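Novice: For reference, this is work-v5.cif, and it has mmCIF, C-alpha atoms (C1' of nucleotides).
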```cif
data_coords
loop_
_atom_site.group_PDB
_atom_site.id
_atom_site.type_symbol
_atom_site.label_atom_id
_atom_site.label_comp_id
_atom_site.auth_asym_id
_atom_site.auth_seq_id
_atom_site.Cartn_x
_atom_site.Cartn_y
_atom_site.Cartn_z
ATOM 1 C CA MET E 1 108.268 119.935 87.789
ATOM 2 C CA PRO E 2 110.732 117.164 88.221
ATOM 3 C CA LEU E 3 110.793 114.754 85.315
ATOM 4 C CA GLU E 4 111.908 112.049 87.678
ATOM 5 C CA LYS E 5 111.223 111.350 91.271
ATOM 6 C CA ASN E 6 113.326 108.762 92.873
ATOM 7 C CA ASP E 7 111.746 108.440 96.261
ATOM 8 C CA LEU E 8 112.879 105.153 97.628
ATOM 9 C CA HIS E 9 109.826 103.119 98.450
ATOM 10 C CA ARG E 10 108.979 103.589 102.089
ATOM 11 C CA GLY E 11 110.525 101.196 104.478
ATOM 12 C CA THR E 12 112.889 99.701 101.980
ATOM 13 C CA LEU E 13 115.777 101.834 103.103
ATOM 14 C CA ASP E 14 115.936 100.364 106.585
ATOM 15 C CA MET E 15 116.143 96.860 105.208
ATOM 16 C CA LEU E 16 118.842 97.769 102.743
ATOM 17 C CA ILE E 17 120.983 99.443 105.366
ATOM 18 C CA LEU E 18 120.580 96.513 107.731
ATOM 19 C CA LYS E 19 121.577 94.169 104.952
ATOM 20 C CA ILE E 20 124.677 96.146 104.104
ATOM 21 C CA VAL E 21 125.710 96.421 107.721
ATOM 22 C CA ALA E 22 125.099 92.704 108.198
ATOM 23 C CA ALA E 23 128.177 92.077 106.094
ATOM 24 C CA GLY E 24 130.344 93.957 108.559
ATOM 25 C CA PRO E 25 130.578 97.314 110.355
ATOM 26 C CA LEU E 26 130.602 100.353 108.112
ATOM 27 C CA HIS E 27 130.184 104.078 108.558
ATOM 28 C CA GLY E 28 127.235 105.950 107.088
ATOM 29 C CA TYR E 29 128.950 107.467 104.148
ATOM 30 C CA ALA E 30 130.361 104.101 103.149
ATOM 31 C CA ILE E 31 126.977 102.438 103.504
ATOM 32 C CA ALA E 32 125.517 104.831 100.984
ATOM 33 C CA GLN E 33 128.423 104.197 98.665
ATOM 34 C CA ARG E 34 128.039 100.454 98.863
ATOM 35 C CA LEU E 35 124.330 100.685 98.198
ATOM 36 C CA GLN E 36 124.965 102.765 95.139
ATOM 37 C CA GLN E 37 127.765 100.542 93.945
ATOM 38 C CA ILE E 38 126.007 97.209 94.384
ATOM 39 C CA SER E 39 122.771 98.501 92.882
ATOM 40 C CA LYS E 40 124.641 99.890 89.893
ATOM 41 C CA ASP E 41 123.681 103.454 90.743
ATOM 42 C CA TYR E 42 120.014 102.730 91.260
ATOM 43 C CA PHE E 43 120.151 103.679 94.920
ATOM 44 C CA GLN E 44 121.604 107.101 95.451
ATOM 45 C CA VAL E 45 120.666 107.727 99.027
ATOM 46 C CA PRO E 46 120.678 111.426 99.869
ATOM 47 C CA GLN E 47 122.283 112.304 103.176
ATOM 48 C CA GLY E 48 119.019 113.737 104.378
ATOM 49 C CA SER E 49 117.585 110.254 104.111
ATOM 50 C CA LEU E 50 120.669 108.350 105.165
ATOM 51 C CA TYR E 51 121.488 109.906 108.517
ATOM 52 C CA PRO E 52 117.963 110.109 109.873
ATOM 53 C CA ALA E 53 117.564 106.458 108.897
ATOM 54 C CA LEU E 54 120.737 105.491 110.741
ATOM 55 C CA HIS E 55 119.641 107.342 113.844
ATOM 56 C CA ARG E 56 116.284 105.644 113.634
ATOM 57 C CA LEU E 57 117.911 102.241 113.410
ATOM 58 C CA GLU E 58 120.160 103.034 116.315
ATOM 59 C CA GLU E 59 117.272 104.240 118.439
ATOM 60 C CA ARG E 60 115.465 100.988 117.766
ATOM 61 C CA GLU E 61 118.610 99.138 118.725
ATOM 62 C CA TRP E 62 118.963 97.410 115.413
ATOM 63 C CA VAL E 63 122.447 98.843 115.022
ATOM 64 C CA GLU E 64 125.108 100.152 117.356
ATOM 65 C CA ALA E 65 127.368 103.069 116.619
ATOM 66 C CA GLU E 66 130.985 103.620 117.521
ATOM 67 C CA TRP E 67 133.512 106.248 116.501
ATOM 68 C CA LYS E 68 136.567 104.770 114.862
ATOM 69 C CA ASP E 69 139.253 105.646 112.384
ATOM 70 C CA THR E 70 138.573 105.036 108.738
ATOM 71 C CA SER E 71 141.177 103.611 106.387
ATOM 72 C CA THR E 72 142.043 107.183 105.458
ATOM 73 C CA GLY E 73 142.868 108.000 109.061
ATOM 74 C CA ARG E 74 139.879 110.146 109.894
ATOM 75 C CA GLU E 75 137.114 109.514 112.384
ATOM 76 C CA ALA E 76 133.746 108.172 111.401
ATOM 77 C CA LYS E 77 130.811 106.529 113.060
ATOM 78 C CA PHE E 78 130.795 102.806 112.417
ATOM 79 C CA TYR E 79 127.547 100.940 112.634
ATOM 80 C CA THR E 80 127.308 97.318 113.694
ATOM 81 C CA LEU E 81 124.269 95.097 113.443
ATOM 82 C CA THR E 82 122.878 93.969 116.794
ATOM 83 C CA ARG E 83 121.152 90.676 117.493
ATOM 84 C CA LYS E 84 117.849 92.510 117.395
ATOM 85 C CA GLY E 85 118.875 94.012 114.094
ATOM 86 C CA ARG E 86 119.611 90.644 112.599
ATOM 87 C CA LYS E 87 116.168 89.443 113.653
ATOM 88 C CA GLN E 88 114.611 92.545 112.193
ATOM 89 C CA LEU E 89 116.452 92.087 108.940
ATOM 90 C CA GLU E 90 114.992 88.609 108.616
ATOM 91 C CA VAL E 91 111.523 89.956 109.259
ATOM 92 C CA GLU E 92 111.939 92.707 106.719
ATOM 93 C CA VAL E 93 113.352 90.477 104.031
ATOM 94 C CA LEU E 94 110.487 88.074 104.509
ATOM 95 C CA GLY E 95 108.044 90.956 104.383
ATOM 96 C CA TRP E 96 109.630 92.275 101.238
ATOM 97 C CA GLU E 97 109.462 88.919 99.537
ATOM 98 C CA LYS E 98 105.819 88.514 100.389
ATOM 99 C CA LEU E 99 105.073 91.984 99.114
ATOM 100 C CA ALA E 100 107.023 91.398 95.925
ATOM 101 C CA ASP E 101 105.170 88.132 95.366
ATOM 102 C CA ALA E 102 101.810 89.767 95.933
ATOM 103 C CA VAL E 103 102.603 92.655 93.595
ATOM 104 C CA SER E 104 103.869 90.217 91.023
ATOM 105 C CA LEU E 105 100.636 88.277 91.288
ATOM 106 C CA ILE E 106 98.602 91.397 90.612
ATOM 107 C CA LEU E 107 100.749 92.477 87.712
ATOM 108 C CA ARG E 108 100.592 89.052 86.102
ATOM 109 C CA THR E 109 97.054 88.035 86.949
ATOM 110 C CA ALA E 110 95.017 91.179 86.814
ATOM 111 C CA ASP E 111 94.047 90.966 83.190
ATOM 112 C CA MET H 1 101.418 97.660 120.193
ATOM 113 C CA PRO H 2 100.600 96.111 116.874
ATOM 114 C CA LEU H 3 102.268 92.775 116.397
ATOM 115 C CA GLU H 4 101.960 93.269 112.701
ATOM 116 C CA LYS H 5 102.080 96.298 110.547
ATOM 117 C CA ASN H 6 100.880 95.923 107.066
ATOM 118 C CA ASP H 7 101.442 99.338 105.639
ATOM 119 C CA LEU H 8 101.527 99.034 101.916
ATOM 120 C CA HIS H 9 104.771 100.418 100.621
ATOM 121 C CA ARG H 10 104.271 103.967 99.485
ATOM 122 C CA GLY H 11 103.232 104.426 95.948
ATOM 123 C CA THR H 12 102.517 100.779 95.333
ATOM 124 C CA LEU H 13 98.810 101.223 95.848
ATOM 125 C CA ASP H 14 98.395 103.580 92.910
ATOM 126 C CA MET H 15 100.049 101.117 90.580
ATOM 127 C CA LEU H 16 97.926 98.243 91.804
ATOM 128 C CA ILE H 17 94.704 100.164 91.397
ATOM 129 C CA LEU H 18 95.667 101.290 87.921
ATOM 130 C CA LYS H 19 96.477 97.731 87.017
ATOM 131 C CA ILE H 20 93.157 96.422 88.271
ATOM 132 C CA VAL H 21 91.228 99.142 86.523
ATOM 133 C CA ALA H 22 93.181 98.507 83.338
ATOM 134 C CA ALA H 23 91.287 95.247 83.015
ATOM 135 C CA GLY H 24 87.976 97.093 82.861
ATOM 136 C CA PRO H 25 85.928 99.670 84.773
ATOM 137 C CA LEU H 26 85.220 98.841 88.378
ATOM 138 C CA HIS H 27 83.930 100.671 91.412
ATOM 139 C CA GLY H 28 86.094 101.305 94.437
ATOM 140 C CA TYR H 29 84.736 98.623 96.657
ATOM 141 C CA ALA H 30 85.139 96.027 93.936
ATOM 142 C CA ILE H 31 88.695 97.155 93.254
ATOM 143 C CA ALA H 32 89.628 96.488 96.865
ATOM 144 C CA GLN H 33 87.950 93.113 96.683
ATOM 145 C CA ARG H 34 89.786 92.117 93.536
ATOM 146 C CA LEU H 35 93.109 93.177 95.008
ATOM 147 C CA GLN H 36 92.467 91.068 98.037
ATOM 148 C CA GLN H 37 91.250 88.123 96.026
ATOM 149 C CA ILE H 38 94.057 88.055 93.472
ATOM 150 C CA SER H 39 96.722 88.590 96.117
ATOM 151 C CA LYS H 40 95.266 85.793 98.228
ATOM 152 C CA ASP H 41 94.409 88.136 101.064
ATOM 153 C CA TYR H 42 97.776 89.841 101.149
ATOM 154 C CA PHE H 43 96.338 93.205 100.175
ATOM 155 C CA GLN H 44 93.491 94.227 102.409
ATOM 156 C CA VAL H 45 93.141 97.845 101.478
ATOM 157 C CA PRO H 46 91.398 99.839 104.186
ATOM 158 C CA GLN H 47 88.773 102.266 102.976
ATOM 159 C CA GLY H 48 90.763 105.141 104.392
ATOM 160 C CA SER H 49 93.500 104.251 101.948
ATOM 161 C CA LEU H 50 91.311 103.223 99.052
ATOM 162 C CA TYR H 51 89.120 106.259 98.562
ATOM 163 C CA PRO H 52 91.778 108.916 99.009
ATOM 164 C CA ALA H 53 93.861 106.972 96.505
ATOM 165 C CA LEU H 54 91.017 106.885 93.990
ATOM 166 C CA HIS H 55 90.419 110.602 94.359
ATOM 167 C CA ARG H 56 94.111 111.210 93.916
ATOM 168 C CA LEU H 57 94.177 109.164 90.728
ATOM 169 C CA GLU H 58 91.134 110.970 89.425
ATOM 170 C CA GLU H 59 92.627 114.360 90.190
ATOM 171 C CA ARG H 60 95.716 113.402 88.255
ATOM 172 C CA GLU H 61 93.514 112.271 85.429
ATOM 173 C CA TRP H 62 94.752 108.738 85.459
ATOM 174 C CA VAL H 63 91.228 107.480 85.934
ATOM 175 C CA GLU H 64 87.748 108.836 85.233
ATOM 176 C CA ALA H 65 84.756 108.280 87.456
ATOM 177 C CA GLU H 66 81.133 107.747 86.551
ATOM 178 C CA TRP H 67 78.104 106.756 88.598
ATOM 179 C CA LYS H 68 76.459 103.616 87.338
ATOM 180 C CA ASP H 69 74.404 100.731 88.540
ATOM 181 C CA THR H 70 76.139 97.713 89.934
ATOM 182 C CA SER H 71 75.032 94.188 89.165
ATOM 183 C CA THR H 72 72.994 94.285 92.349
ATOM 184 C CA GLY H 73 71.067 97.292 91.133
ATOM 185 C CA ARG H 74 72.624 99.948 93.329
ATOM 186 C CA GLU H 75 74.665 102.966 92.371
ATOM 187 C CA ALA H 76 78.419 103.026 92.578
ATOM 188 C CA LYS H 77 81.238 105.084 91.150
ATOM 189 C CA PHE H 78 82.941 103.244 88.351
ATOM 190 C CA TYR H 79 86.497 104.121 87.499
ATOM 191 C CA THR H 80 87.929 103.850 84.018
ATOM 192 C CA LEU H 81 91.582 104.107 83.061
ATOM 193 C CA THR H 82 92.415 107.111 80.889
ATOM 194 C CA ARG H 83 95.111 107.247 78.237
ATOM 195 C CA LYS H 84 97.264 109.174 80.687
ATOM 196 C CA GLY H 85 96.585 106.504 83.244
ATOM 197 C CA ARG H 86 97.707 103.750 80.930
ATOM 198 C CA LYS H 87 100.937 105.621 80.307
ATOM 199 C CA GLN H 88 101.403 106.114 84.015
ATOM 200 C CA LEU H 89 100.808 102.456 84.699
ATOM 201 C CA GLU H 90 103.594 101.555 82.293
ATOM 202 C CA VAL H 91 105.920 103.975 84.011
ATOM 203 C CA GLU H 92 105.074 102.637 87.418
ATOM 204 C CA VAL H 93 105.419 99.005 86.470
ATOM 205 C CA LEU H 94 108.798 99.718 84.959
ATOM 206 C CA GLY H 95 109.811 101.618 88.054
ATOM 207 C CA TRP H 96 108.652 98.796 90.257
ATOM 208 C CA GLU H 97 110.598 96.237 88.277
ATOM 209 C CA LYS H 98 113.745 98.299 88.457
ATOM 210 C CA LEU H 99 113.319 98.746 92.173
ATOM 211 C CA ALA H 100 112.679 95.057 92.685
ATOM 212 C CA ASP H 101 115.772 94.211 90.677
ATOM 213 C CA ALA H 102 117.899 96.639 92.646
ATOM 214 C CA VAL H 103 116.628 95.358 95.974
ATOM 215 C CA SER H 104 117.195 91.824 94.834
ATOM 216 C CA LEU H 105 120.753 92.719 93.904
ATOM 217 C CA ILE H 106 121.410 94.089 97.368
ATOM 218 C CA LEU H 107 119.830 91.145 99.111
ATOM 219 C CA ARG H 108 121.809 88.659 97.049
ATOM 220 C CA THR H 109 125.098 90.460 96.699
ATOM 221 C CA ALA H 110 125.612 92.289 99.928
ATOM 222 C CA ASP H 111 127.451 89.584 101.738
ATOM 223 C "C1'" DA N 1 58.643 94.861 111.882
ATOM 224 C "C1'" DG N 2 63.173 94.957 113.380
ATOM 225 C "C1'" DC N 3 68.060 93.607 113.045
ATOM 226 C "C1'" DG N 4 72.213 92.426 111.273
ATOM 227 C "C1'" DT N 5 75.252 92.160 107.549
ATOM 228 C "C1'" DA N 6 77.120 92.996 103.199
ATOM 229 C "C1'" DC N 7 77.501 96.655 100.114
ATOM 230 C "C1'" DC N 8 79.211 101.419 98.898
ATOM 231 C "C1'" DT N 9 81.055 106.021 99.645
ATOM 232 C "C1'" DG N 10 83.312 109.445 102.103
ATOM 233 C "C1'" DT N 11 86.304 112.740 105.510
ATOM 234 C "C1'" DA N 12 89.292 114.434 109.422
ATOM 235 C "C1'" DG N 13 93.282 114.003 111.610
ATOM 236 C "C1'" DT N 14 97.583 111.541 112.733
ATOM 237 C "C1'" DC N 15 102.016 109.711 111.794
ATOM 238 C "C1'" DA N 16 106.154 108.141 109.569
ATOM 239 C "C1'" DA N 17 109.603 108.376 106.158
ATOM 240 C "C1'" DG N 18 111.947 110.364 102.550
ATOM 241 C "C1'" DC N 19 113.118 114.641 100.561
ATOM 242 C "C1'" DT N 20 115.458 119.519 99.837
ATOM 243 C "C1'" DA N 21 118.366 122.676 101.485
ATOM 244 C "C1'" DG N 22 121.160 124.176 104.497
ATOM 245 C "C1'" DG N 23 125.215 123.821 107.836
ATOM 246 C "C1'" DT N 24 130.078 122.073 110.018
ATOM 247 C "C1'" DG N 25 134.669 120.545 109.417
ATOM 248 C "C1'" DT N 26 138.929 117.743 107.476
ATOM 249 C "C1'" DC N 27 142.209 116.479 104.067
ATOM 250 C "C1'" DC N 28 144.323 116.369 99.619
ATOM 251 C "C1'" DA N 29 145.476 117.567 94.919
ATOM 252 C "C1'" DA N 30 145.661 120.901 91.144
ATOM 253 C "C1'" DT V 1 143.905 128.689 97.383
ATOM 254 C "C1'" DT V 2 140.352 126.713 95.665
ATOM 255 C "C1'" DG V 3 137.629 122.804 94.803
ATOM 256 C "C1'" DG V 4 136.204 118.362 95.647
ATOM 257 C "C1'" DA V 5 135.887 114.099 98.118
ATOM 258 C "C1'" DC V 6 135.139 112.620 102.668
ATOM 259 C "C1'" DA V 7 132.150 112.550 106.823
ATOM 260 C "C1'" DC V 8 128.721 114.152 109.859
ATOM 261 C "C1'" DC V 9 124.275 116.654 111.079
ATOM 262 C "C1'" DT V 10 119.402 119.098 111.362
ATOM 263 C "C1'" DA V 11 115.077 121.758 110.255
ATOM 264 C "C1'" DG V 12 111.158 121.792 107.846
ATOM 265 C "C1'" DC V 13 108.232 120.192 104.014
ATOM 266 C "C1'" DT V 14 105.511 116.850 101.605
ATOM 267 C "C1'" DT V 15 103.213 112.777 100.785
ATOM 268 C "C1'" DG V 16 100.589 108.769 101.415
ATOM 269 C "C1'" DA V 17 98.765 105.168 104.266
ATOM 270 C "C1'" DC V 18 96.509 104.619 108.439
ATOM 271 C "C1'" DT V 19 92.665 104.815 112.294
ATOM 272 C "C1'" DA V 20 88.371 106.114 113.369
ATOM 273 C "C1'" DC V 21 84.633 107.974 112.259
ATOM 274 C "C1'" DA V 22 80.170 108.993 109.564
ATOM 275 C "C1'" DG V 23 76.382 108.150 106.243
ATOM 276 C "C1'" DG V 24 73.364 105.478 103.353
ATOM 277 C "C1'" DT V 25 71.038 101.224 100.667
ATOM 278 C "C1'" DA V 26 69.447 96.471 99.950
ATOM 279 C "C1'" DC V 27 68.573 91.973 101.528
ATOM 280 C "C1'" DG V 28 67.627 88.003 104.351
ATOM 281 C "C1'" DC V 29 66.438 86.165 108.771
ATOM 282 C "C1'" DT V 30 63.670 85.707 112.815
#
```
Could I get this structure in the form of structure tokens?

Specialist:
Amino acid sequence: MPLEKNDLHRGTLDMLILKIVAAGPLHGYAIAQRLQQISKDYFQVPQGSLYPALHRLEEREWVEAEWKDTSTGREAKFYTLTRKGRKQLEVEVLGWEKLADAVSLILRTAD
Amino acid sequence: MPLEKNDLHRGTLDMLILKIVAAGPLHGYAIAQRLQQISKDYFQVPQGSLYPALHRLEEREWVEAEWKDTSTGREAKFYTLTRKGRKQLEVEVLGWEKLADAVSLILRTAD
DNA sequence: AGCGTACCTGTAGTCAAGCTAGGTGTCCAA
DNA sequence: TTGGACACCTAGCTTGACTACAGGTACGCT
């Protein structure tokens, strides 16, 4: 009986990750941190959502992964946006904006 | 190979239906029509999404159903928002707004 | 009379995405 | 030496939106 369910709205996560990665290569853990930080703790992406999402994005060739050293000297998988990924990001942002507009219309107009 | 995928974002549909019904009792078919009309054809809710959603809402006691005559003289199931449903609508709208704000933050800030 | 179309409801089965819960291992500070 | 932050991963569940059906009524057109 959870009082709260966070459940990121479906499909949003991909866009957010792409957007974060668009600003420069980052490893998964850091991506989640940035999302949380920028969104002022709204997005707290569980690892069970994060890593499958990253693998999905990689499989679709929207990002590319490479093992590199982090600033703390350890290894981590850094993700870089591909050209395809940049295209996809545009599509998703546009889609999001249209959705948000449509929802907004309903919420404002429906009574 | 669909060029386009519409796929309503998860959970949005419930909110939209509640909002439409909040303006007064309507039957399922008419709800879908209103959504489409108000959103300028953005939302074209397939019946395989619509009816399961309505049954879900009814089961959760956010709406109540009653068979009545339509303006054209035929029978249809009219859905009315319950008190619980009104509460839920508030929750969902608030949730949506928070999500939209957070997404907007990411999209604006992330680079 | 027959035919199509809009109206109106419904279900079965599939699929995708996000979740919980578990696991591995490193490094550092208390 | 223990705990926590860092960093990765997977299995299995749940949920909701979809496709593709299926059924029925009323009306207008030819």

Novice: Considering all atoms listed in the file, can you say which of E:Arg34, E:Lys77, E:Gln47, E:Arg86 comes closest to V:DT10?

Specialist: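 So, comparing all the options, the nearest one is E:Gln47.
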
Novice: Using the chain letters and numbering of this document, enumerate as number ranges by chain the residues selected by the PyMOL selection byres ((chain E) within 10 of (chain V)).

Specialist: E: 10, 27-30, 47-48, 51-52, 72, 74-77

Novice: Just checking: using only C-alpha atoms, which residue out of H:Leu81, H:Leu50, H:Ala65, H:Leu35 ends up closest to H:Ala23?

Specialist: H:Leu81

Novice: Only residues of chain E matter here; which ones have an atom within 9 Å of chain N, counting all atoms listed in the file? Give them as an MDAnalysis selection string.

Specialist: chainID E and resid 7:11 46 48:49 53 74

Novice: Distance limit 9 Å, atoms considered: all atoms listed in the file. Which chain H residues sit that close to chain E? Return them as a PyMOL selection string.

Specialist: chain H and resi 8-12+16+19-24+34-35+38-40+42-43+93+98-107+109-111

Novice: Atom CA of E:Thr80 and atom CA of E:Glu66 are how many Å apart?

Specialist: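 Rounded to one decimal, the two atoms are 8.2 Å apart.
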
Novice: Could you name the residues that touch stretch 58-63 of chain E at 8 Å or less, counting all atoms listed in the file, but leaving out those on the same chain fewer than 5 positions away, as a PyMOL selection string?

Specialist: chain E and resi 18+79-86+88

Novice: Atom CA of H:Val45 and atom CA of H:Ala32, how far apart in Å?

Specialist: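 Distance between the two atoms: 6.0 Å.
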
Novice: In Å, with one decimal, what is the gap from atom CA of E:Trp67 to atom CA of E:Pro25?

Specialist: 11.2 Å

Novice: Since the input is missing atoms for stretch 88-99 of chain H, could you rebuild it with N, CA and C atoms and give the result as a short mmCIF file (atom, residue, chain, number, x, y, z; two decimals), in the frame of the given file?

Specialist:
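After the write, result-v4.cif holds the following:
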```cif
data_model
loop_
_atom_site.label_atom_id
_atom_site.label_comp_id
_atom_site.auth_asym_id
_atom_site.auth_seq_id
_atom_site.Cartn_x
_atom_site.Cartn_y
_atom_site.Cartn_z
N GLN H 88 100.89 106.08 82.65
CA GLN H 88 101.40 106.11 84.02
C GLN H 88 101.61 104.71 84.57
N LEU H 89 100.69 103.84 84.25
CA LEU H 89 100.81 102.46 84.70
C LEU H 89 102.09 101.84 84.17
N GLU H 90 102.35 102.06 82.90
CA GLU H 90 103.59 101.56 82.29
C GLU H 90 104.81 102.06 83.05
N VAL H 91 104.81 103.35 83.29
CA VAL H 91 105.92 103.98 84.01
C VAL H 91 106.11 103.33 85.37
N GLU H 92 105.00 103.14 86.05
CA GLU H 92 105.07 102.64 87.42
C GLU H 92 105.51 101.17 87.46
N VAL H 93 105.03 100.42 86.52
CA VAL H 93 105.42 99.00 86.47
C VAL H 93 106.92 98.91 86.20
N LEU H 94 107.37 99.71 85.26
CA LEU H 94 108.80 99.72 84.96
C LEU H 94 109.61 100.12 86.18
N GLY H 95 109.15 101.15 86.84
CA GLY H 95 109.81 101.62 88.05
C GLY H 95 109.85 100.53 89.11
N TRP H 96 108.74 99.87 89.27
CA TRP H 96 108.65 98.80 90.26
C TRP H 96 109.66 97.69 89.93
N GLU H 97 109.70 97.32 88.68
CA GLU H 97 110.60 96.24 88.28
C GLU H 97 112.06 96.61 88.51
N LYS H 98 112.38 97.84 88.22
CA LYS H 98 113.74 98.30 88.46
C LYS H 98 114.07 98.28 89.94
N LEU H 99 113.12 98.76 90.73
CA LEU H 99 113.32 98.75 92.17
C LEU H 99 113.51 97.33 92.68
#
```
